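Asks: Just dropping this structure here.
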Amino acid sequence: MKQIVSAILFWLSFIPFAIGNGMFRELVLLPRLGVYALPVSGVFFIVYIFAVTFVFLPRLTLRSRWHAVGIGLLWVGLTITFECVFGWFMGQSMLTLLKQYDITTGNLWAFIVLAMGVAPWLVWVCTSHAAPPCAGSTH
(Lines give C-alpha, C1' and ligand atoms only; values in the text may rest on other atoms or scores of the structure.)
Protein backbone atom coordinates (compact mmCIF):
# COMPACT_ATOMS: atom_id res chain seq x y z
CA MET A 1 0.00 0.00 0.00
CA LYS A 2 2.85 2.37 0.85
CA GLN A 3 4.34 1.88 -2.62
CA ILE A 4 1.02 2.71 -4.29
CA VAL A 5 0.76 5.91 -2.28
CA SER A 6 4.38 6.74 -3.18
CA ALA A 7 3.67 6.06 -6.86
CA ILE A 8 0.63 8.36 -6.74
CA LEU A 9 2.61 11.09 -4.99
CA PHE A 10 5.32 10.69 -7.58
CA TRP A 11 2.73 11.00 -10.37
CA LEU A 12 1.48 14.23 -8.77
CA SER A 13 4.90 15.75 -9.48
CA PHE A 14 4.09 15.58 -13.19
CA ILE A 15 1.28 18.14 -12.79
CA PRO A 16 3.39 21.22 -11.93
CA PHE A 17 5.84 20.31 -14.68
CA ALA A 18 2.99 19.95 -17.19
CA ILE A 19 1.64 23.37 -16.24
CA GLY A 20 5.09 24.96 -16.39
CA ASN A 21 5.83 23.22 -19.68
CA GLY A 22 2.57 24.54 -21.14
CA MET A 23 3.37 28.07 -20.00
CA PHE A 24 6.89 27.80 -21.43
CA ARG A 25 5.43 26.54 -24.71
CA GLU A 26 2.95 29.43 -24.99
CA LEU A 27 5.26 32.22 -23.80
CA VAL A 28 8.64 31.17 -25.19
CA LEU A 29 8.43 28.38 -27.74
CA LEU A 30 5.33 29.43 -29.68
CA PRO A 31 6.59 32.94 -30.58
CA ARG A 32 9.93 31.49 -31.68
CA LEU A 33 8.99 28.13 -33.20
CA GLY A 34 5.39 28.55 -34.34
CA VAL A 35 3.82 25.20 -35.24
CA TYR A 36 6.88 23.34 -33.96
CA ALA A 37 6.31 24.54 -30.40
CA LEU A 38 3.78 21.81 -29.65
CA PRO A 39 5.98 18.81 -30.58
CA VAL A 40 9.06 20.38 -28.95
CA SER A 41 7.06 20.87 -25.76
CA GLY A 42 5.92 17.25 -25.98
CA VAL A 43 9.49 16.03 -26.30
CA PHE A 44 10.46 18.09 -23.22
CA PHE A 45 7.68 16.41 -21.24
CA ILE A 46 8.64 12.91 -22.41
CA VAL A 47 12.29 13.49 -21.50
CA TYR A 48 11.19 14.79 -18.09
CA ILE A 49 9.04 11.71 -17.49
CA PHE A 50 11.85 9.29 -18.25
CA ALA A 51 14.56 11.30 -16.43
CA VAL A 52 12.59 11.77 -13.22
CA THR A 53 11.31 8.20 -13.29
CA PHE A 54 14.88 6.87 -13.60
CA VAL A 55 15.93 8.97 -10.60
CA PHE A 56 12.97 8.32 -8.31
CA LEU A 57 11.40 4.97 -9.12
CA PRO A 58 14.31 2.70 -8.09
CA ARG A 59 13.71 3.93 -4.52
CA LEU A 60 10.35 2.12 -4.55
CA THR A 61 12.15 -1.23 -4.75
CA LEU A 62 10.12 -2.71 -7.56
CA ARG A 63 9.53 -6.39 -6.88
CA SER A 64 8.90 -7.52 -10.43
CA ARG A 65 8.26 -6.37 -13.94
CA TRP A 66 4.52 -6.75 -13.21
CA HIS A 67 4.83 -4.35 -10.28
CA ALA A 68 6.44 -1.84 -12.66
CA VAL A 69 3.73 -2.47 -15.28
CA GLY A 70 1.09 -1.91 -12.60
CA ILE A 71 2.59 1.44 -11.67
CA GLY A 72 2.65 2.42 -15.34
CA LEU A 73 -1.00 1.48 -15.76
CA LEU A 74 -1.84 3.40 -12.59
CA TRP A 75 -0.10 6.49 -13.97
CA VAL A 76 -1.91 6.18 -17.33
CA GLY A 77 -5.25 5.83 -15.53
CA LEU A 78 -4.54 8.81 -13.28
CA THR A 79 -3.40 10.90 -16.24
CA ILE A 80 -6.46 10.20 -18.38
CA THR A 81 -8.79 10.68 -15.41
CA PHE A 82 -7.13 13.97 -14.49
CA GLU A 83 -7.26 15.15 -18.10
CA CYS A 84 -10.98 14.36 -18.39
CA VAL A 85 -11.93 15.90 -15.04
CA PHE A 86 -9.79 19.00 -15.60
CA GLY A 87 -11.11 19.34 -19.14
CA TRP A 88 -14.67 19.05 -17.87
CA PHE A 89 -14.04 21.81 -15.31
CA MET A 90 -12.56 23.96 -18.07
CA GLY A 91 -15.65 23.41 -20.21
CA GLN A 92 -13.94 21.34 -22.88
CA SER A 93 -15.91 18.75 -24.83
CA MET A 94 -14.85 15.13 -25.00
CA LEU A 95 -14.17 15.67 -28.72
CA THR A 96 -11.72 18.47 -27.86
CA LEU A 97 -9.97 16.19 -25.38
CA LEU A 98 -9.77 13.35 -27.89
CA LYS A 99 -8.23 15.66 -30.51
CA GLN A 100 -5.17 15.93 -28.26
CA TYR A 101 -4.38 12.32 -29.17
CA ASP A 102 -4.13 13.17 -32.89
CA ILE A 103 -0.38 13.13 -33.56
CA THR A 104 -0.89 14.48 -37.10
CA THR A 105 -1.50 17.91 -35.53
CA GLY A 106 1.94 17.87 -33.91
CA ASN A 107 0.48 17.13 -30.48
CA LEU A 108 2.51 14.40 -28.81
CA TRP A 109 0.04 13.86 -25.95
CA ALA A 110 -0.52 10.21 -26.96
CA PHE A 111 3.23 9.62 -26.68
CA ILE A 112 3.34 11.41 -23.34
CA VAL A 113 0.65 9.09 -21.97
CA LEU A 114 2.52 6.11 -23.48
CA ALA A 115 5.76 7.31 -21.84
CA MET A 116 4.02 7.40 -18.47
CA GLY A 117 2.89 3.84 -18.99
CA VAL A 118 6.22 2.51 -20.20
CA ALA A 119 8.67 4.45 -18.00
CA PRO A 120 8.26 2.36 -14.81
CA TRP A 121 8.72 -0.89 -16.75
CA LEU A 122 11.77 0.50 -18.57
CA VAL A 123 13.30 1.59 -15.26
CA TRP A 124 12.73 -1.93 -13.91
CA VAL A 125 14.39 -3.46 -16.98
CA CYS A 126 17.38 -1.12 -16.77
CA THR A 127 17.88 -1.38 -13.01
CA SER A 128 16.99 -5.03 -12.48
CA HIS A 129 19.89 -7.14 -11.34
CA ALA A 130 18.31 -10.28 -12.73
CA ALA A 131 20.13 -12.09 -15.49
CA PRO A 132 19.00 -11.29 -19.03
CA PRO A 133 16.47 -13.80 -20.40
CA CYS A 134 19.05 -15.35 -22.73
CA ALA A 135 21.90 -15.56 -20.19
CA GLY A 136 23.67 -18.88 -20.40
CA SER A 137 22.29 -19.62 -23.83
CA THR A 138 24.74 -21.19 -26.27
CA HIS A 139 22.97 -19.77 -29.32
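Chain lettering (A, B, ...) mirrors the order of the C-alpha coordinates, residue numbering begins at 1 for each chain separately, and ligand numbering begins at 1 in order of display.
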Using only C-alpha atoms, which residues sit within 10 Å of region 5-18 of chain A once same-chain residues fewer than 6 positions away are excluded, as an NGL selection string?

Replies: :A and (24 or 41-42 or 44-45 or 48-49 or 52-53 or 56-57 or 59-60 or 71-72 or 74-76 or 78-79 or 82 or 116 or 120)

Asks: Please, could you write that set of residues out with N, CA and C atoms as a PDB file, in the first residue's frame?

Replies:
ATOM      1  N   PHE A  24       5.658  27.599 -20.667  1.00  0.00           N
ATOM      2  CA  PHE A  24       6.889  27.803 -21.426  1.00  0.00           C
ATOM      3  C   PHE A  24       6.618  27.688 -22.929  1.00  0.00           C
ATOM      4  N   SER A  41       7.563  20.917 -27.132  1.00  0.00           N
ATOM      5  CA  SER A  41       7.060  20.869 -25.761  1.00  0.00           C
ATOM      6  C   SER A  41       6.761  19.424 -25.353  1.00  0.00           C
ATOM      7  N   GLY A  42       6.195  18.658 -26.263  1.00  0.00           N
ATOM      8  CA  GLY A  42       5.915  17.251 -25.982  1.00  0.00           C
ATOM      9  C   GLY A  42       7.179  16.456 -25.724  1.00  0.00           C
ATOM     10  N   PHE A  44       9.993  17.683 -24.560  1.00  0.00           N
ATOM     11  CA  PHE A  44      10.458  18.088 -23.222  1.00  0.00           C
ATOM     12  C   PHE A  44       9.765  17.277 -22.143  1.00  0.00           C
ATOM     13  N   PHE A  45       8.451  17.132 -22.261  1.00  0.00           N
ATOM     14  CA  PHE A  45       7.681  16.414 -21.242  1.00  0.00           C
ATOM     15  C   PHE A  45       8.077  14.938 -21.202  1.00  0.00           C
ATOM     16  N   TYR A  48      11.384  14.593 -19.532  1.00  0.00           N
ATOM     17  CA  TYR A  48      11.192  14.793 -18.095  1.00  0.00           C
ATOM     18  C   TYR A  48      10.642  13.524 -17.438  1.00  0.00           C
ATOM     19  N   ILE A  49       9.642  12.922 -18.045  1.00  0.00           N
ATOM     20  CA  ILE A  49       9.035  11.706 -17.491  1.00  0.00           C
ATOM     21  C   ILE A  49      10.088  10.629 -17.297  1.00  0.00           C
ATOM     22  N   VAL A  52      13.017  11.771 -14.617  1.00  0.00           N
ATOM     23  CA  VAL A  52      12.592  11.774 -13.217  1.00  0.00           C
ATOM     24  C   VAL A  52      12.238  10.356 -12.761  1.00  0.00           C
ATOM     25  N   THR A  53      11.651   9.579 -13.644  1.00  0.00           N
ATOM     26  CA  THR A  53      11.310   8.197 -13.285  1.00  0.00           C
ATOM     27  C   THR A  53      12.575   7.390 -13.027  1.00  0.00           C
ATOM     28  N   PHE A  56      13.811   8.581  -9.478  1.00  0.00           N
ATOM     29  CA  PHE A  56      12.975   8.317  -8.310  1.00  0.00           C
ATOM     30  C   PHE A  56      12.525   6.863  -8.166  1.00  0.00           C
ATOM     31  N   LEU A  57      12.085   6.260  -9.235  1.00  0.00           N
ATOM     32  CA  LEU A  57      11.400   4.971  -9.124  1.00  0.00           C
ATOM     33  C   LEU A  57      12.241   3.849  -8.511  1.00  0.00           C
ATOM     34  N   ARG A  59      13.864   3.849  -5.974  1.00  0.00           N
ATOM     35  CA  ARG A  59      13.709   3.929  -4.518  1.00  0.00           C
ATOM     36  C   ARG A  59      12.474   3.177  -4.027  1.00  0.00           C
ATOM     37  N   LEU A  60      11.545   2.865  -4.939  1.00  0.00           N
ATOM     38  CA  LEU A  60      10.346   2.121  -4.552  1.00  0.00           C
ATOM     39  C   LEU A  60      10.606   0.628  -4.418  1.00  0.00           C
ATOM     40  N   ILE A  71       2.381   0.016 -11.932  1.00  0.00           N
ATOM     41  CA  ILE A  71       2.586   1.443 -11.669  1.00  0.00           C
ATOM     42  C   ILE A  71       2.359   2.242 -12.953  1.00  0.00           C
ATOM     43  N   GLY A  72       2.871   1.741 -14.067  1.00  0.00           N
ATOM     44  CA  GLY A  72       2.655   2.421 -15.340  1.00  0.00           C
ATOM     45  C   GLY A  72       1.178   2.532 -15.694  1.00  0.00           C
ATOM     46  N   LEU A  74      -1.274   2.455 -13.561  1.00  0.00           N
ATOM     47  CA  LEU A  74      -1.844   3.399 -12.592  1.00  0.00           C
ATOM     48  C   LEU A  74      -1.629   4.828 -13.070  1.00  0.00           C
ATOM     49  N   TRP A  75      -0.408   5.140 -13.500  1.00  0.00           N
ATOM     50  CA  TRP A  75      -0.104   6.487 -13.975  1.00  0.00           C
ATOM     51  C   TRP A  75      -0.926   6.848 -15.210  1.00  0.00           C
ATOM     52  N   VAL A  76      -1.094   5.911 -16.132  1.00  0.00           N
ATOM     53  CA  VAL A  76      -1.910   6.176 -17.325  1.00  0.00           C
ATOM     54  C   VAL A  76      -3.349   6.456 -16.907  1.00  0.00           C
ATOM     55  N   LEU A  78      -4.471   7.525 -13.978  1.00  0.00           N
ATOM     56  CA  LEU A  78      -4.536   8.809 -13.280  1.00  0.00           C
ATOM     57  C   LEU A  78      -4.451   9.974 -14.267  1.00  0.00           C
ATOM     58  N   THR A  79      -3.588   9.834 -15.258  1.00  0.00           N
ATOM     59  CA  THR A  79      -3.398  10.902 -16.245  1.00  0.00           C
ATOM     60  C   THR A  79      -4.668  11.134 -17.059  1.00  0.00           C
ATOM     61  N   PHE A  82      -7.399  12.561 -14.776  1.00  0.00           N
ATOM     62  CA  PHE A  82      -7.131  13.969 -14.488  1.00  0.00           C
ATOM     63  C   PHE A  82      -7.450  14.833 -15.699  1.00  0.00           C
ATOM     64  N   MET A 116       4.373   7.629 -19.869  1.00  0.00           N
ATOM     65  CA  MET A 116       4.017   7.402 -18.467  1.00  0.00           C
ATOM     66  C   MET A 116       3.751   5.932 -18.194  1.00  0.00           C
ATOM     67  N   PRO A 120       7.949   3.222 -15.959  1.00  0.00           N
ATOM     68  CA  PRO A 120       8.255   2.361 -14.813  1.00  0.00           C
ATOM     69  C   PRO A 120       8.804   0.991 -15.222  1.00  0.00           C
TER      70      PRO A 120
END

Asks: Mind giving me the straight-line distance from CA of Thr96 (chain A) to CA of Trp109 (chain A) in Å, one decimal?

Replies: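 Between CA of Thr96 (chain A) and CA of Trp109 (chain A) the gap works out to 12.8 Å.
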
Asks: Using DSSP assignments from the backbone, pull out every residue in region 48-127 of chain A that falls under helix (DSSP H, G or I) and give it to me as number ranges by chain.

Replies: A: 48-60, 65-89, 94-99, 103-105, 109-127
